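A.B. asks: So here's run-v4.tsv, just TSV, C-alpha atoms and all ligand atoms:
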```tsv
chain	number	residue	atom	x	y	z
A	858	MET	CA	4.56	11.41	-8.17
A	859	LYS	CA	7.52	10.69	-5.91
A	860	LEU	CA	6.96	12.18	-2.46
A	861	THR	CA	10.44	13.69	-2.50
A	862	GLU	CA	9.10	16.18	-5.09
A	863	ILE	CA	6.59	17.39	-2.49
A	864	ILE	CA	8.91	17.16	0.51
A	865	ASN	CA	11.78	18.96	-1.14
A	866	ASN	CA	9.84	21.86	-2.62
A	867	ASN	CA	9.82	24.99	-0.54
A	868	HIS	CA	6.19	24.94	0.64
A	869	PHE	CA	4.69	23.75	3.90
A	870	SER	CA	3.08	20.36	3.60
A	871	LEU	CA	0.58	18.52	5.76
A	872	SER	CA	0.16	14.85	4.89
A	873	CYS	CA	-2.15	12.27	6.45
A	874	GLU	CA	-1.75	8.66	7.56
A	875	VAL	CA	-4.77	6.36	7.38
A	876	PHE	CA	-5.16	2.68	8.18
A	877	PRO	CA	-7.20	-0.12	6.61
A	878	PRO	CA	-10.03	-1.72	8.60
A	879	LYS	CA	-9.32	-4.39	11.19
A	880	GLN	CA	-12.08	-6.62	9.79
A	881	SER	CA	-13.63	-6.84	6.37
A	882	THR	CA	-17.03	-6.04	7.94
A	883	SER	CA	-15.90	-2.49	8.73
A	884	PHE	CA	-14.40	-1.90	5.29
A	885	GLU	CA	-17.17	0.39	4.01
A	886	SER	CA	-17.16	2.76	7.03
A	887	VAL	CA	-13.36	3.00	6.96
A	888	LYS	CA	-13.44	3.61	3.21
A	889	THR	CA	-15.87	6.49	3.77
A	890	ALA	CA	-13.64	8.05	6.43
A	891	ILE	CA	-10.60	7.74	4.17
A	892	GLU	CA	-12.56	9.21	1.26
A	893	LEU	CA	-13.43	12.27	3.39
A	894	ILE	CA	-9.75	12.71	4.29
A	895	ALA	CA	-8.74	12.35	0.62
A	896	ARG	CA	-11.28	15.03	-0.32
A	897	MET	CA	-9.34	17.46	1.92
A	898	HIS	CA	-6.50	17.07	-0.60
A	899	PRO	CA	-3.68	16.70	1.91
A	900	SER	CA	-0.15	16.95	0.44
A	901	PHE	CA	-0.06	13.15	0.34
A	902	MET	CA	-1.60	10.18	2.13
A	903	SER	CA	0.07	7.08	3.50
A	904	VAL	CA	-1.77	3.81	4.09
A	905	THR	CA	-0.50	1.51	6.83
A	906	TYR	CA	0.06	-2.22	6.44
A	907	GLY	CA	-1.23	-4.48	9.19
A	908	ALA	CA	-0.41	-2.01	11.99
A	909	GLY	CA	-2.19	-2.32	15.34
A	910	GLY	CA	-3.94	-5.53	14.31
A	911	GLY	CA	-5.34	-3.96	11.12
A	912	THR	CA	-5.51	-6.21	8.11
A	913	SER	CA	-2.90	-5.79	5.38
A	914	LYS	CA	-5.07	-7.06	2.56
A	915	TYR	CA	-6.73	-3.69	1.88
A	916	THR	CA	-3.61	-1.49	1.95
A	917	LEU	CA	-3.07	-1.50	-1.79
A	918	GLU	CA	-6.76	-1.23	-2.64
A	919	ILE	CA	-7.08	1.89	-0.46
A	920	ALA	CA	-3.81	3.36	-1.78
A	921	LYS	CA	-5.03	2.93	-5.38
A	922	ASP	CA	-8.38	4.49	-4.53
A	923	VAL	CA	-6.71	7.54	-2.97
A	924	LYS	CA	-4.33	7.95	-5.91
A	925	TYR	CA	-6.65	7.35	-8.86
A	926	ARG	CA	-10.06	8.44	-7.59
A	927	PHE	CA	-8.97	11.48	-5.57
A	928	ASN	CA	-5.71	12.35	-7.27
A	929	VAL	CA	-3.83	12.55	-3.96
A	930	PRO	CA	-0.17	11.37	-4.03
A	931	THR	CA	-0.01	8.12	-2.10
A	932	MET	CA	2.41	5.95	-0.18
A	933	ALA	CA	1.80	2.27	0.64
A	934	HIS	CA	3.36	0.90	3.83
A	935	LEU	CA	4.92	-2.57	3.77
A	936	THR	CA	6.35	-4.68	6.59
A	937	CYS	CA	8.71	-7.63	6.29
A	938	VAL	CA	9.51	-9.39	9.57
A	939	SER	CA	6.67	-11.89	9.54
A	940	SER	CA	6.92	-12.68	5.81
A	941	ASP	CA	8.99	-14.92	3.56
A	942	ARG	CA	10.88	-13.60	0.54
A	943	ASP	CA	8.39	-14.82	-2.07
A	944	THR	CA	5.51	-13.04	-0.31
A	945	VAL	CA	7.41	-9.77	0.07
A	946	ARG	CA	8.55	-9.88	-3.55
A	947	GLU	CA	4.98	-10.53	-4.66
A	948	ARG	CA	3.74	-7.54	-2.60
A	949	ILE	CA	6.46	-5.33	-4.12
A	950	HIS	CA	5.45	-6.49	-7.61
A	951	GLU	CA	1.79	-5.70	-6.87
A	952	ILE	CA	2.70	-2.21	-5.62
A	953	LYS	CA	4.69	-1.55	-8.79
A	954	GLU	CA	1.92	-2.90	-11.05
A	955	ALA	CA	-0.56	-0.63	-9.24
A	956	GLY	CA	1.55	2.39	-10.22
A	957	ILE	CA	2.36	3.28	-6.60
A	958	VAL	CA	5.90	4.63	-6.50
A	959	ASN	CA	6.16	5.52	-2.79
A	960	VAL	CA	6.74	2.78	-0.22
A	961	MET	CA	7.20	3.05	3.54
A	962	ALA	CA	9.61	0.22	4.37
A	963	LEU	CA	9.08	-1.15	7.88
A	964	ARG	CA	10.13	-4.13	9.88
A	965	GLY	CA	6.79	-4.47	11.69
A	966	ASP	CA	6.30	-5.20	15.38
A	967	LEU	CA	7.48	-8.45	16.91
A	968	THR	CA	4.43	-10.49	17.93
A	969	PRO	CA	4.76	-12.89	20.90
A	970	GLU	CA	4.78	-15.80	18.38
A	971	LEU	CA	7.62	-14.22	16.44
A	972	GLU	CA	9.54	-13.53	19.63
A	973	LYS	CA	9.36	-17.23	20.48
A	974	SER	CA	10.31	-18.44	16.98
A	975	ASP	CA	13.78	-19.36	15.72
A	976	ARG	CA	15.30	-16.13	14.36
A	977	SER	CA	17.65	-17.97	12.05
A	978	SER	CA	14.60	-18.99	10.01
A	979	TRP	CA	13.48	-15.38	9.42
A	980	ALA	CA	13.90	-14.07	5.88
A	981	TYR	CA	13.99	-10.47	7.12
A	982	HIS	CA	15.26	-9.18	10.45
A	983	HIS	CA	15.10	-5.41	10.07
A	984	ALA	CA	13.60	-2.71	7.88
A	985	ILE	CA	17.00	-2.30	6.17
A	986	ASP	CA	16.48	-5.76	4.61
A	987	LEU	CA	13.26	-4.49	3.03
A	988	VAL	CA	14.93	-1.29	1.84
A	989	ARG	CA	17.53	-3.47	0.07
A	990	GLU	CA	14.79	-5.66	-1.42
A	991	LEU	CA	13.01	-2.54	-2.77
A	992	LYS	CA	16.25	-1.19	-4.24
A	993	GLU	CA	16.88	-4.52	-6.00
A	994	ALA	CA	13.36	-4.65	-7.45
A	995	ASP	CA	12.89	-3.69	-11.06
A	996	ALA	CA	11.30	-0.33	-10.13
A	997	ASP	CA	12.31	3.18	-9.14
A	998	PHE	CA	10.65	3.53	-5.73
A	999	CYS	CA	10.77	6.53	-3.42
A	1000	ILE	CA	11.41	4.89	-0.04
A	1001	GLY	CA	10.42	6.16	3.40
A	1002	CYS	CA	11.43	4.62	6.73
A	1003	ALA	CA	10.48	5.07	10.40
A	1004	CYS	CA	12.57	6.80	13.08
A	1005	TYR	CA	12.17	7.34	16.81
A	1006	PRO	CA	12.99	10.68	18.49
A	1007	GLU	CA	12.50	8.97	21.87
A	1008	VAL	CA	14.44	5.82	20.84
A	1009	HIS	CA	12.88	2.58	19.60
A	1010	PRO	CA	11.76	0.50	22.63
A	1011	GLU	CA	14.06	-2.39	21.65
A	1012	SER	CA	17.20	-0.23	21.36
A	1013	LYS	CA	19.83	-0.22	24.09
A	1014	ASN	CA	20.34	3.52	23.74
A	1015	GLN	CA	19.93	6.40	21.29
A	1016	ALA	CA	23.46	6.15	19.90
A	1017	GLU	CA	22.78	2.56	18.81
A	1018	ASP	CA	19.35	3.46	17.40
A	1019	ILE	CA	20.87	6.31	15.34
A	1020	LYS	CA	23.71	4.08	14.12
A	1021	TYR	CA	21.18	1.60	12.68
A	1022	LEU	CA	19.05	4.45	11.33
A	1023	LYS	CA	22.07	5.75	9.43
A	1024	GLU	CA	22.66	2.29	7.93
A	1025	LYS	CA	18.98	2.13	6.91
A	1026	VAL	CA	19.15	5.55	5.26
A	1027	ASP	CA	22.44	4.73	3.51
A	1028	ALA	CA	20.84	1.57	2.10
A	1029	GLY	CA	18.54	3.81	0.03
A	1030	CYS	CA	15.88	5.45	2.16
A	1031	ASP	CA	14.80	8.85	0.78
A	1032	PHE	CA	13.12	10.33	3.86
A	1033	ILE	CA	12.18	9.33	7.39
A	1034	THR	CA	8.95	9.79	9.33
A	1035	THR	CA	8.99	9.97	13.12
A	1036	GLN	CA	7.05	8.10	15.73
A	1037	MET	CA	4.56	10.35	17.53
A	1038	PHE	CA	5.88	12.72	20.20
A	1039	PHE	CA	4.23	15.35	22.38
A	1040	ASP	CA	7.18	17.57	23.25
A	1041	ASN	CA	8.76	19.30	20.24
A	1042	ASN	CA	12.04	19.77	22.09
A	1043	LEU	CA	12.58	16.00	21.83
A	1044	LEU	CA	12.29	16.31	18.05
A	1045	TYR	CA	14.71	19.26	17.85
A	1046	ASN	CA	17.23	17.38	19.98
A	1047	PHE	CA	16.85	14.26	17.80
A	1048	LEU	CA	17.32	16.31	14.61
A	1049	TYR	CA	20.53	17.78	15.98
A	1050	LYS	CA	21.87	14.32	16.82
A	1051	ILE	CA	21.00	12.66	13.51
A	1052	ARG	CA	22.40	15.54	11.47
A	1053	GLU	CA	25.59	15.26	13.52
A	1054	ALA	CA	25.64	11.53	12.71
A	1055	GLY	CA	25.52	12.41	8.99
A	1056	ILE	CA	21.86	11.60	8.29
A	1057	THR	CA	20.80	14.31	5.86
A	1058	VAL	CA	17.52	13.04	4.36
A	1059	PRO	CA	14.30	14.98	5.11
A	1060	VAL	CA	12.58	14.17	8.41
A	1061	LEU	CA	8.78	14.29	8.62
A	1062	PRO	CA	7.59	14.72	12.20
A	1063	GLY	CA	4.55	12.52	12.92
A	1064	ILE	CA	1.88	14.28	14.97
A	1065	MET	CA	-0.88	12.36	16.71
A	1066	PRO	CA	-3.84	14.48	17.87
A	1067	ILE	CA	-5.08	13.00	21.15
A	1068	THR	CA	-8.77	13.80	21.44
A	1069	LYS	CA	-9.87	11.21	24.03
A	1070	ALA	CA	-8.32	10.39	27.38
A	1071	VAL	CA	-8.38	6.63	26.65
A	1072	GLN	CA	-6.53	7.22	23.40
A	1073	LEU	CA	-3.64	8.63	25.38
A	1074	GLU	CA	-3.20	5.37	27.30
A	1075	ARG	CA	-3.20	3.36	24.08
A	1076	ALA	CA	-0.78	5.75	22.37
A	1077	LEU	CA	1.59	5.61	25.33
A	1078	LYS	CA	1.56	1.82	25.39
A	1079	LEU	CA	2.45	1.82	21.70
A	1080	SER	CA	5.14	4.46	21.67
A	1081	GLY	CA	6.28	5.00	25.27
A	1082	SER	CA	6.24	8.76	24.52
A	1083	PHE	CA	7.01	11.35	27.17
A	1084	ILE	CA	3.92	13.37	28.15
A	1085	PRO	CA	4.69	16.98	29.13
A	1086	GLN	CA	2.97	18.34	32.24
A	1087	ARG	CA	1.15	20.87	30.04
A	1088	PHE	CA	-0.51	18.04	28.14
A	1089	LYS	CA	-1.27	16.00	31.29
A	1090	ALA	CA	-3.03	19.02	32.79
A	1091	LEU	CA	-5.17	19.33	29.69
A	1092	VAL	CA	-6.22	15.66	29.85
A	1093	ASP	CA	-6.89	15.94	33.61
A	1094	ARG	CA	-9.08	19.00	33.10
A	1095	PHE	CA	-10.96	18.05	29.92
A	1096	GLY	CA	-10.59	14.24	29.66
A	1097	VAL	CA	-14.05	13.55	31.08
A	1098	ASP	CA	-15.83	15.85	28.61
A	1099	ASP	CA	-15.70	14.45	25.06
A	1100	ALA	CA	-16.42	17.72	23.24
A	1101	ALA	CA	-13.98	19.74	25.36
A	1102	MET	CA	-11.24	17.10	25.06
A	1103	MET	CA	-11.69	17.01	21.29
A	1104	GLN	CA	-11.25	20.79	21.08
A	1105	ALA	CA	-8.27	20.77	23.46
A	1106	GLY	CA	-6.57	17.85	21.62
A	1107	ILE	CA	-6.98	19.58	18.25
A	1108	ALA	CA	-5.60	22.82	19.71
A	1109	TYR	CA	-2.57	21.01	21.22
A	1110	ALA	CA	-1.73	19.22	17.94
A	1111	THR	CA	-2.21	22.49	16.00
A	1112	ASP	CA	0.10	24.28	18.42
A	1113	GLN	CA	2.75	21.56	18.01
A	1114	ILE	CA	2.56	21.84	14.21
A	1115	ILE	CA	2.74	25.65	14.20
A	1116	ASP	CA	5.80	25.49	16.45
A	1117	LEU	CA	7.43	22.97	14.07
A	1118	TYR	CA	6.71	25.16	11.01
A	1119	ALA	CA	7.95	28.24	12.85
A	1120	ASN	CA	11.20	26.44	13.63
A	1121	GLY	CA	12.02	25.60	10.02
A	1122	ILE	CA	10.25	22.25	9.57
A	1123	LYS	CA	8.42	22.23	6.23
A	1124	ASN	CA	6.62	18.90	6.25
A	1125	VAL	CA	4.40	17.38	8.94
A	1126	HIS	CA	2.66	13.99	8.83
A	1127	LEU	CA	-0.64	13.70	10.69
A	1128	TYR	CA	-1.70	10.42	12.28
A	1129	THR	CA	-5.39	10.88	11.51
A	1130	MET	CA	-6.63	7.64	13.13
A	1131	ASN	CA	-9.15	7.74	10.25
A	1132	LYS	CA	-10.94	10.72	11.84
A	1133	PRO	CA	-11.78	13.17	9.02
A	1134	GLU	CA	-13.34	15.75	11.37
A	1135	ILE	CA	-10.09	16.02	13.35
A	1136	ALA	CA	-7.85	16.15	10.27
A	1137	ARG	CA	-10.12	18.79	8.72
A	1138	ALA	CA	-10.15	20.95	11.87
A	1139	ILE	CA	-6.34	20.92	12.02
A	1140	GLN	CA	-5.99	21.66	8.31
A	1141	SER	CA	-8.44	24.52	8.70
A	1142	ASN	CA	-6.52	25.93	11.69
A	1143	LEU	CA	-3.42	26.01	9.47
A	1144	SER	CA	-5.09	27.28	6.29
A	1145	SER	CA	-3.15	30.53	5.92
A	1146	ILE	CA	0.15	28.87	6.86
A	1147	LEU	CA	-0.30	25.98	4.43
A	1148	GLY	CA	-0.77	28.43	1.56
A	1149	LYS	CA	2.80	29.73	2.09
B	1	LIG	P1	13.87	-1.33	12.28
B	1	LIG	O1	14.42	-0.21	11.51
B	1	LIG	O2	14.28	-2.70	11.86
B	1	LIG	O3	14.26	-1.08	13.82
B	1	LIG	C1	13.72	-1.92	14.85
B	1	LIG	C2	14.77	-2.04	15.98
B	1	LIG	O4	15.91	-2.78	15.50
B	1	LIG	C3	15.32	-0.72	16.48
B	1	LIG	O5	15.59	-0.88	17.84
B	1	LIG	C4	16.61	-0.53	15.68
B	1	LIG	O6	17.56	0.28	16.36
B	1	LIG	C5	17.09	-1.97	15.58
B	1	LIG	N1	17.85	-2.24	14.35
B	1	LIG	C6	17.64	-1.71	13.13
B	1	LIG	N2	18.50	-2.22	12.23
B	1	LIG	C7	19.28	-3.11	12.92
B	1	LIG	C8	20.34	-3.96	12.54
B	1	LIG	N3	20.81	-3.99	11.28
B	1	LIG	N4	20.92	-4.75	13.50
B	1	LIG	C9	20.47	-4.73	14.79
B	1	LIG	N5	19.45	-3.91	15.20
B	1	LIG	C10	18.86	-3.12	14.27
B	1	LIG	N6	3.92	-1.15	11.78
B	1	LIG	C11	3.14	-1.93	10.97
B	1	LIG	O7	2.95	-3.11	11.26
B	1	LIG	N7	2.55	-1.40	9.85
B	1	LIG	C12	2.71	-0.10	9.48
B	1	LIG	O8	2.15	0.34	8.47
B	1	LIG	C13	3.53	0.75	10.32
B	1	LIG	N8	3.76	2.05	10.00
B	1	LIG	C14	4.60	2.81	10.78
B	1	LIG	C15	4.88	4.13	10.40
B	1	LIG	C16	5.72	4.92	11.18
B	1	LIG	C17	6.01	6.34	10.76
B	1	LIG	C18	6.29	4.39	12.38
B	1	LIG	C19	7.18	5.24	13.23
B	1	LIG	C20	6.03	3.07	12.74
B	1	LIG	C21	5.20	2.27	11.95
B	1	LIG	N9	4.94	0.93	12.29
B	1	LIG	C22	4.13	0.16	11.48
B	1	LIG	C23	5.51	0.34	13.50
B	1	LIG	C24	6.88	-0.36	13.24
B	1	LIG	O9	6.67	-1.51	12.45
B	1	LIG	C25	7.48	-0.71	14.59
B	1	LIG	O10	7.84	0.46	15.28
B	1	LIG	C26	8.61	-1.73	14.58
B	1	LIG	O11	8.83	-2.15	15.94
B	1	LIG	C27	9.94	-1.21	14.07
B	1	LIG	O12	9.89	-0.97	12.74
B	1	LIG	P2	11.14	-0.25	11.99
B	1	LIG	O13	10.81	-0.29	10.55
B	1	LIG	O14	11.47	1.03	12.63
B	1	LIG	O15	12.29	-1.34	12.33
```
Could you show the structure in this file as structure tokens?
Ligand code: FAD
C.D. replies:
Amino acid sequence: MKLTEIINNNHFSLSCEVFPPKQSTSFESVKTAIELIARMHPSFMSVTYGAGGGTSKYTLEIAKDVKYRFNVPTMAHLTCVSSDRDTVRERIHEIKEAGIVNVMALRGDLTPELEKSDRSSWAYHHAIDLVRELKEADADFCIGCACYPEVHPESKNQAEDIKYLKEKVDAGCDFITTQMFFDNNLLYNFLYKIREAGITVPVLPGIMPITKAVQLERALKLSGSFIPQRFKALVDRFGVDDAAMMQAGIAYATDQIIDLYANGIKNVHLYTMNKPEIARAIQSNLSSILGK
């Protein structure tokens, strides 16, 4: 099923992102966590590709498992910047053969090695190149792309970031999912600006529940997100107590999602960090809302 069928219907949706293991030795424990998330029957699940040092070789295997064993609509992520054309085309062919119709088209982060390499030798420079490759493939993919309410760290400014986002969407992207953010006003402001720029595809806000103080540092390093005082106070007060921080982090993420739903957003994507207990608690907090 194409995700646009879910995103464009009139119900609230809560989808979940999971990631493959970093090493093959942890495959079984990650598979179990993902299985527990799939058993929650989220609206759909997306499986990352090589993000944060995770291996890319299990992405498709996990995506197939989620789709065929648990009957949950699935999206496979794919990155392009560190790959040659033959490899990317082979990956696209494998995704198609696996019956996965939803692909998240990403550039991928620039590693220090890539930064040092000769850019003229790169087959792909930006996610838009992968969107074009997917559109040219002999398949009818539903394509998602990433967007950044607080501006991508490499962009000069938001106007430039939105200009390139518009080009990416116009190349054939069906919906966009946001980087994490902790202040919903940043999302509302971003939505206003992209709609003004003529970007009309659905936007799925990405919500990351922070349930450990150390996780906040890592998340900030990755995204450079603004942390509201309200959230800082919560980490200051409860960060040293694991159980309390877990409860507070779940409550904060739930509150963010309820505010988004209340303000007309229909679809929210949860960065689960492969933590079924957290995803389940949030889904349970929203049970009456999600039935609407
Ligand atoms: P792009 O769209 O190429 O944008 C990157 C930068 O280049 C931006 O500054 C943009 O403004 C600029 N730009 C875009 N097009 C052009 C152009 N034509 N000319 C000049 N500049 C341009 N990483 C993984 O490795 N695996 C994953 O599975 C993964 N999943 C993700 C899911 C989501 C929802 C998000 C938000 C990020 C994810 N990432 C993942 C991280 C992502 O790969 C990085 O954020 C990466 O730095 C940028 O990827 P992008 O697809 O947004 O790139």
A.B. asks: Set the distance at 12 Å and use all atoms listed in the file: which residues neighbour Gly956 of chain A once local chain neighbours fewer than 4 positions away are removed? I'd like the list as a tab-separated table (two decimals) with C-alpha atoms, in the coordinates of the input.
C.D. replies:
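That gives us part_33.tsv:
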```tsv
chain	number	residue	atom	x	y	z
A	858	MET	CA	4.56	11.41	-8.17
A	859	LYS	CA	7.52	10.69	-5.91
A	917	LEU	CA	-3.07	-1.50	-1.79
A	918	GLU	CA	-6.76	-1.23	-2.64
A	920	ALA	CA	-3.81	3.36	-1.78
A	921	LYS	CA	-5.03	2.93	-5.38
A	922	ASP	CA	-8.38	4.49	-4.53
A	924	LYS	CA	-4.33	7.95	-5.91
A	925	TYR	CA	-6.65	7.35	-8.86
A	930	PRO	CA	-0.17	11.37	-4.03
A	931	THR	CA	-0.01	8.12	-2.10
A	932	MET	CA	2.41	5.95	-0.18
A	933	ALA	CA	1.80	2.27	0.64
A	949	ILE	CA	6.46	-5.33	-4.12
A	950	HIS	CA	5.45	-6.49	-7.61
A	951	GLU	CA	1.79	-5.70	-6.87
A	952	ILE	CA	2.70	-2.21	-5.62
A	960	VAL	CA	6.74	2.78	-0.22
A	996	ALA	CA	11.30	-0.33	-10.13
A	997	ASP	CA	12.31	3.18	-9.14
A	998	PHE	CA	10.65	3.53	-5.73
```
A.B. asks: How would you write, as a PyMOL selection string, the set of residues no farther than 7 Å from ligand LIG 1 (chain B) when counting all atoms listed in the file?
C.D. replies: chain A and resi 904-909+934-936+962-967+982-985+1002-1005+1009-1012+1017-1019+1021-1022+1025+1034-1036+1063
A.B. asks: What does the file look like for those residues with C-alpha atoms, as a CSV table (one decimal), in the coordinates of the input?
C.D. replies:
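Final output, again_28.csv:
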```csv
chain,number,residue,atom,x,y,z
A,904,VAL,CA,-1.8,3.8,4.1
A,905,THR,CA,-0.5,1.5,6.8
A,906,TYR,CA,0.1,-2.2,6.4
A,907,GLY,CA,-1.2,-4.5,9.2
A,908,ALA,CA,-0.4,-2.0,12.0
A,909,GLY,CA,-2.2,-2.3,15.3
A,934,HIS,CA,3.4,0.9,3.8
A,935,LEU,CA,4.9,-2.6,3.8
A,936,THR,CA,6.4,-4.7,6.6
A,962,ALA,CA,9.6,0.2,4.4
A,963,LEU,CA,9.1,-1.2,7.9
A,964,ARG,CA,10.1,-4.1,9.9
A,965,GLY,CA,6.8,-4.5,11.7
A,966,ASP,CA,6.3,-5.2,15.4
A,967,LEU,CA,7.5,-8.4,16.9
A,982,HIS,CA,15.3,-9.2,10.4
A,983,HIS,CA,15.1,-5.4,10.1
A,984,ALA,CA,13.6,-2.7,7.9
A,985,ILE,CA,17.0,-2.3,6.2
A,1002,CYS,CA,11.4,4.6,6.7
A,1003,ALA,CA,10.5,5.1,10.4
A,1004,CYS,CA,12.6,6.8,13.1
A,1005,TYR,CA,12.2,7.3,16.8
A,1009,HIS,CA,12.9,2.6,19.6
A,1010,PRO,CA,11.8,0.5,22.6
A,1011,GLU,CA,14.1,-2.4,21.6
A,1012,SER,CA,17.2,-0.2,21.4
A,1017,GLU,CA,22.8,2.6,18.8
A,1018,ASP,CA,19.4,3.5,17.4
A,1019,ILE,CA,20.9,6.3,15.3
A,1021,TYR,CA,21.2,1.6,12.7
A,1022,LEU,CA,19.0,4.4,11.3
A,1025,LYS,CA,19.0,2.1,6.9
A,1034,THR,CA,9.0,9.8,9.3
A,1035,THR,CA,9.0,10.0,13.1
A,1036,GLN,CA,7.0,8.1,15.7
A,1063,GLY,CA,4.6,12.5,12.9
```
A.B. asks: What does the distance from atom CA of Ser870 of chain A to atom CA of Pro899 of chain A come to in Å, to one decimal?
C.D. replies: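 Atom CA of Pro899 of chain A lies 7.9 Å from atom CA of Ser870 of chain A.
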A.B. asks: Would you compute the distance between atom CA of Gln880 of chain A and atom CA of Lys914 of chain A? Give it in Å to one decimal.
C.D. replies: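 Separation between atom CA of Gln880 of chain A and atom CA of Lys914 of chain A: 10.1 Å.
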A.B. asks: Grab the atom CA of Pro1006 of chain A to atom CA of Val1125 of chain A distance for me, in Å with one decimal place.
C.D. replies: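 Distance between the two atoms: 14.5 Å.
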A.B. asks: Tell me which residues come within 7 Å of (2.8, 27.6, 2.3), as a short mmCIF file (atom, residue, chain, number, x, y, z; two decimals) with C-alpha atoms, keeping the file's coordinate frame, counting only C-alpha atoms in the file's coordinates.
C.D. replies:
```
data_model
loop_
_atom_site.label_atom_id
_atom_site.label_comp_id
_atom_site.auth_asym_id
_atom_site.auth_seq_id
_atom_site.Cartn_x
_atom_site.Cartn_y
_atom_site.Cartn_z
CA HIS A 868 6.19 24.94 0.64
CA PHE A 869 4.69 23.75 3.90
CA ILE A 1146 0.15 28.87 6.86
CA LEU A 1147 -0.30 25.98 4.43
CA GLY A 1148 -0.77 28.43 1.56
CA LYS A 1149 2.80 29.73 2.09
#
```
A.B. asks: Please identify all polymer residues within 9 Å of Arg946 of chain A, counting all atoms listed in the file, omitting same-chain residues fewer than 4 positions from it, and present them as JSON, numbers by chain.
C.D. replies: {"A": [941, 942, 950, 951, 990, 991, 994]}
A.B. asks: Might you pull out every residue within 12 Å of Tyr1049 of chain A, with all atoms listed in the file counted and same-chain residues fewer than 6 positions away left off, and present them as a ChimeraX atom specification?
C.D. replies: /A:1006,1019,1042-1043,1055-1057,1060
A.B. asks: When you count only C-alpha atoms, which of these residues is closest to Val1058 of chain A: A:Ile1000, A:Asp1040, A:Asn1014, A:Ile1135?
C.D. replies: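 The answer is A:Ile1000, which sits nearest to Val1058 of chain A.
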A.B. asks: Which residue, A:Ile1114, A:Val929, A:Ala980, A:Val1097, has the smallest gap to Phe1039 of chain A when you use only C-alpha atoms?
C.D. replies: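 Closest residue, counting only C-alpha atoms: A:Ile1114.
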A.B. asks: Select, from A:Thr1111, A:Asn1041, A:Gln1140, A:Asn1120, the residue with the minimum atom-to-atom distance to Phe1083 of chain A, counting all atoms listed in the file.
C.D. replies: A:Asn1041
A.B. asks: Between A:Asn1046, A:Ser903, A:Tyr915, A:Asp1031, which has the minimum distance to Lys879 of chain A (counting only C-alpha atoms)?
C.D. replies: A:Tyr915
A.B. asks: Out of A:Ser872, A:Thr916, A:Ser940, A:Ser1082, which residue has the shortest atom-to-atom distance to Leu860 of chain A when counting only C-alpha atoms?
C.D. replies: A:Ser872
A.B. asks: Counting all atoms listed in the file, write as a ChimeraX atom specification all protein and nucleic acid residues lying at most 10 Å from (-5.8, 18.6, 20.5) in the file's frame.
C.D. replies: /A:1065-1069,1088,1091-1092,1101-1113,1135,1138-1139
